[in-house]
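J.: Below: one structure in structure tokens.
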Amino acid sequence: MQAIVRTSPLGLAALAAPALADIPFTTDDPGTLAAGEYEILAYSDGTITSMDFEGEAGIDVSVGIADNFQLGVTVPVANFGPQLETDRFAIGDTTIQAKIGLIAGEPGQVSLAIAPTLAVGMASEGRSKTGFDLPIWIGTDIGDWSLYGGGGYSFSSDEDGGDLPFIGAVVSKRIIPSLSLGGEFYAQGEGLGGQKLYLFGPGLAWDFAPGLTLAAAGQAVLGDSDGSGDFHVFAALRLAR
């Protein structure tokens, strides 16, 4: 699922799992699951800093409820980082998303979706109040190429960093029937901390067996945030039916 990145004392807070249709990227695409389909993602996500590695591991589940409508939930179950005060194995801040397809274009046509998302604090060291993200995603498939992106706004309490905008774009290509390669640019505006954040880097997804996908991405942290010079990494195993 789409998530907002927020800086932490060690660099960057971990990103929640990206939406399954567009793994391994943070930016979502406008596609939705068909009614009755589901996807389960086991992921590990974090940031390599000059001091150490911090991040999280968790589970993301999405289910197609009806045509052009799916529901999803992301639940972190473990935290990594020697300086974190939370338990290493504990439920973290959970996101609940409803993804609604507004335009479902055929290949070569434009598709459009919105994905209102709630972020619920579940950990003692997590967010103090429930937050709300409202992104809009647009994209198209042209042959073996996929182009998608969009952005929106994240609404959070002052204690959780305040409101901020975000935007992202992805270009990917299916190199062979089982392998896709792509690149992403993701940007986050200023919150109460007055810091901007930029991520840029490649990712790949390999369908190594029917319904099973391995995905990984690595992104440099750019811009004027305290985490500039860090490196964000993501790995996941997806089951789709």
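Scheme for the structure tokens: letters A, B, ... for chains in order shown; per-chain residue numbers from 1; ligand numbers from 1 in order shown.
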Quick one: contact table of stretch 24-113 of chain A to stretch 162-182 of chain A, 9 Å max, nearest atom pair and distance in Å to one decimal per residue, counting only C-alpha atoms, chain and number order, as a tab-separated table?
T.:
residue	atom	partner	partner_atom	distance
A:Phe25	CA	A:Val170	CA	7.8
A:Thr26	CA	A:Gly168	CA	7.9
A:Thr27	CA	A:Gly168	CA	5.3
A:Asp28	CA	A:Gly168	CA	8.3
A:Asp29	CA	A:Val170	CA	8.7
J.: Could the residues in this selection be written to a file with C-alpha atoms, as a CSV table (one decimal), in the first residue's frame?
T.:
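Once everything was written out, this is part-v6.csv:
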chain,number,residue,atom,x,y,z
A,25,PHE,CA,7.5,0.3,-5.6
A,26,THR,CA,6.0,2.8,-3.2
A,27,THR,CA,4.0,4.6,-5.9
A,28,ASP,CA,0.7,2.7,-6.7
A,29,ASP,CA,-0.9,2.0,-10.0
J.: Check stretch 4-199 of chain A with DSSP on the backbone and list each residue it calls strand (DSSP E), as an MDAnalysis selection string.
T.: chainID A and resid 7:8 11:12 38:48 53:66 69:80 94:103 111:114 117:120 131:142 145:155 164:176 179:188 197:199
J.: Could you please take those selected residues and save C-alpha atoms as a short mmCIF file (atom, residue, chain, number, x, y, z; two decimals), in the first residue's frame?
T.:
data_model
loop_
_atom_site.label_atom_id
_atom_site.label_comp_id
_atom_site.auth_asym_id
_atom_site.auth_seq_id
_atom_site.Cartn_x
_atom_site.Cartn_y
_atom_site.Cartn_z
CA THR A 7 12.22 10.93 9.10
CA SER A 8 13.43 9.43 12.39
CA GLY A 11 17.36 8.45 9.20
CA LEU A 12 14.10 7.36 7.60
CA TYR A 38 -6.73 -11.94 -3.41
CA GLU A 39 -3.05 -11.20 -2.88
CA ILE A 40 -0.92 -11.85 0.20
CA LEU A 41 2.44 -10.15 0.58
CA ALA A 42 5.15 -10.95 3.14
CA TYR A 43 7.61 -8.06 3.11
CA SER A 44 10.71 -6.60 4.71
CA ASP A 45 11.27 -2.88 4.32
CA GLY A 46 13.76 -0.45 5.75
CA THR A 47 16.60 2.04 5.43
CA ILE A 48 20.36 1.59 5.55
CA PHE A 53 19.73 -0.55 9.49
CA GLU A 54 16.20 0.17 10.68
CA GLY A 55 12.94 -1.08 9.27
CA GLU A 56 10.07 -3.50 9.64
CA ALA A 57 8.63 -6.76 8.38
CA GLY A 58 4.96 -7.52 7.96
CA ILE A 59 2.01 -8.86 6.02
CA ASP A 60 -0.17 -7.11 3.43
CA VAL A 61 -3.48 -8.64 2.31
CA SER A 62 -5.71 -7.30 -0.50
CA VAL A 63 -9.05 -8.73 -1.67
CA GLY A 64 -11.21 -7.88 -4.68
CA ILE A 65 -14.68 -7.10 -3.32
CA ALA A 66 -16.46 -6.08 -6.54
CA PHE A 69 -13.19 -2.09 -5.80
CA GLN A 70 -10.73 -3.77 -3.45
CA LEU A 71 -9.88 -3.64 0.24
CA GLY A 72 -6.47 -4.09 1.78
CA VAL A 73 -4.71 -4.08 5.14
CA THR A 74 -1.01 -3.83 6.00
CA VAL A 75 0.17 -5.06 9.42
CA PRO A 76 3.84 -4.72 10.50
CA VAL A 77 4.78 -7.55 12.86
CA ALA A 78 8.48 -6.89 13.59
CA ASN A 79 10.80 -3.90 13.97
CA PHE A 80 14.53 -3.81 13.26
CA THR A 94 -1.61 -0.61 10.64
CA THR A 95 -3.00 0.78 7.38
CA ILE A 96 -6.45 0.01 5.95
CA GLN A 97 -7.13 0.95 2.34
CA ALA A 98 -10.13 1.01 -0.01
CA LYS A 99 -9.04 1.23 -3.65
CA ILE A 100 -11.73 2.41 -6.09
CA GLY A 101 -11.25 2.27 -9.84
CA LEU A 102 -12.87 5.31 -11.49
CA ILE A 103 -11.72 4.54 -15.05
CA SER A 111 -6.90 4.06 -16.01
CA LEU A 112 -7.68 6.12 -12.90
CA ALA A 113 -8.26 5.20 -9.23
CA ILE A 114 -8.45 6.72 -5.77
CA THR A 117 -6.27 4.98 3.46
CA LEU A 118 -6.45 5.02 7.25
CA ALA A 119 -3.25 4.71 9.31
CA VAL A 120 -4.04 3.42 12.79
CA GLY A 131 -4.12 9.47 10.07
CA PHE A 132 -5.72 9.65 6.64
CA ASP A 133 -4.13 9.54 3.15
CA LEU A 134 -5.99 10.42 -0.04
CA PRO A 135 -4.00 9.55 -3.20
CA ILE A 136 -5.11 9.57 -6.85
CA TRP A 137 -3.34 7.18 -9.25
CA ILE A 138 -3.28 7.22 -13.06
CA GLY A 139 -1.51 4.95 -15.53
CA THR A 140 -1.48 2.95 -18.74
CA ASP A 141 0.07 -0.18 -20.26
CA ILE A 142 1.58 0.07 -23.74
CA TRP A 145 5.72 -1.03 -20.89
CA SER A 146 3.81 0.24 -17.85
CA LEU A 147 3.67 3.92 -16.90
CA TYR A 148 1.84 5.07 -13.78
CA GLY A 149 1.96 7.57 -10.97
CA GLY A 150 0.08 10.29 -9.16
CA GLY A 151 -0.02 11.73 -5.68
CA GLY A 152 -2.13 13.16 -2.95
CA TYR A 153 -2.10 14.40 0.62
CA SER A 154 -1.47 12.82 4.00
CA PHE A 155 -3.38 14.20 6.98
CA LEU A 164 2.12 16.81 3.89
CA PRO A 165 1.80 16.14 0.13
CA PHE A 166 3.38 13.28 -1.82
CA ILE A 167 3.87 12.36 -5.48
CA GLY A 168 5.44 9.48 -7.39
CA ALA A 169 6.02 8.05 -10.86
CA VAL A 170 7.10 4.63 -12.18
CA VAL A 171 8.23 3.35 -15.58
CA SER A 172 8.64 -0.42 -15.94
CA LYS A 173 9.11 -2.95 -18.73
CA ARG A 174 8.46 -6.67 -18.93
CA ILE A 175 11.82 -7.96 -20.14
CA ILE A 176 10.67 -11.58 -20.47
CA LEU A 179 10.53 -10.68 -15.26
CA SER A 180 9.80 -6.94 -15.03
CA LEU A 181 12.33 -4.16 -14.42
CA GLY A 182 11.55 -0.55 -13.63
CA GLY A 183 12.49 2.67 -11.92
CA GLU A 184 10.68 5.01 -9.53
CA PHE A 185 10.88 8.62 -8.42
CA TYR A 186 8.99 9.45 -5.22
CA ALA A 187 8.83 12.82 -3.45
CA GLN A 188 7.32 13.93 -0.15
CA LEU A 197 12.25 13.84 0.94
CA TYR A 198 13.13 12.30 -2.44
CA LEU A 199 13.61 8.63 -3.32
#
J.: Just list as a ChimeraX atom specification whatever in stretch 8-162 of chain A DSSP marks as helix (DSSP H, G or I).
T.: /A:20-22,158-160
J.: When you draw a straight line from atom CA of A:Val110 to atom CA of A:Gly218, how long is it in Å?
T.: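 These two atoms are separated by 27.9 Å.
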J.: Give me the residues near A:Gly121 as a PyMOL selection string, where near means some atom within 7 Å (using only C-alpha atoms) and where sequence neighbours in that chain fewer than 2 positions away do not count.
T.: chain A and resi 93-94+119+123+126-130
J.: Grab the residues selected above and save them as an mmCIF file, in the first residue's frame with C-alpha atoms.
T.:
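This is the output file again08.cif:
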data_model
loop_
_atom_site.group_PDB
_atom_site.id
_atom_site.type_symbol
_atom_site.label_atom_id
_atom_site.label_comp_id
_atom_site.auth_asym_id
_atom_site.auth_seq_id
_atom_site.Cartn_x
_atom_site.Cartn_y
_atom_site.Cartn_z
ATOM 1 C CA ASP A 93 0.998 0.982 12.924
ATOM 2 C CA THR A 94 -1.606 -0.609 10.636
ATOM 3 C CA ALA A 119 -3.246 4.711 9.308
ATOM 4 C CA ALA A 123 2.314 0.478 18.944
ATOM 5 C CA GLY A 126 3.895 4.613 16.971
ATOM 6 C CA ARG A 127 1.524 7.344 15.820
ATOM 7 C CA SER A 128 -0.560 9.040 18.488
ATOM 8 C CA LYS A 129 -3.736 9.473 16.385
ATOM 9 C CA THR A 130 -5.299 7.893 13.320
#
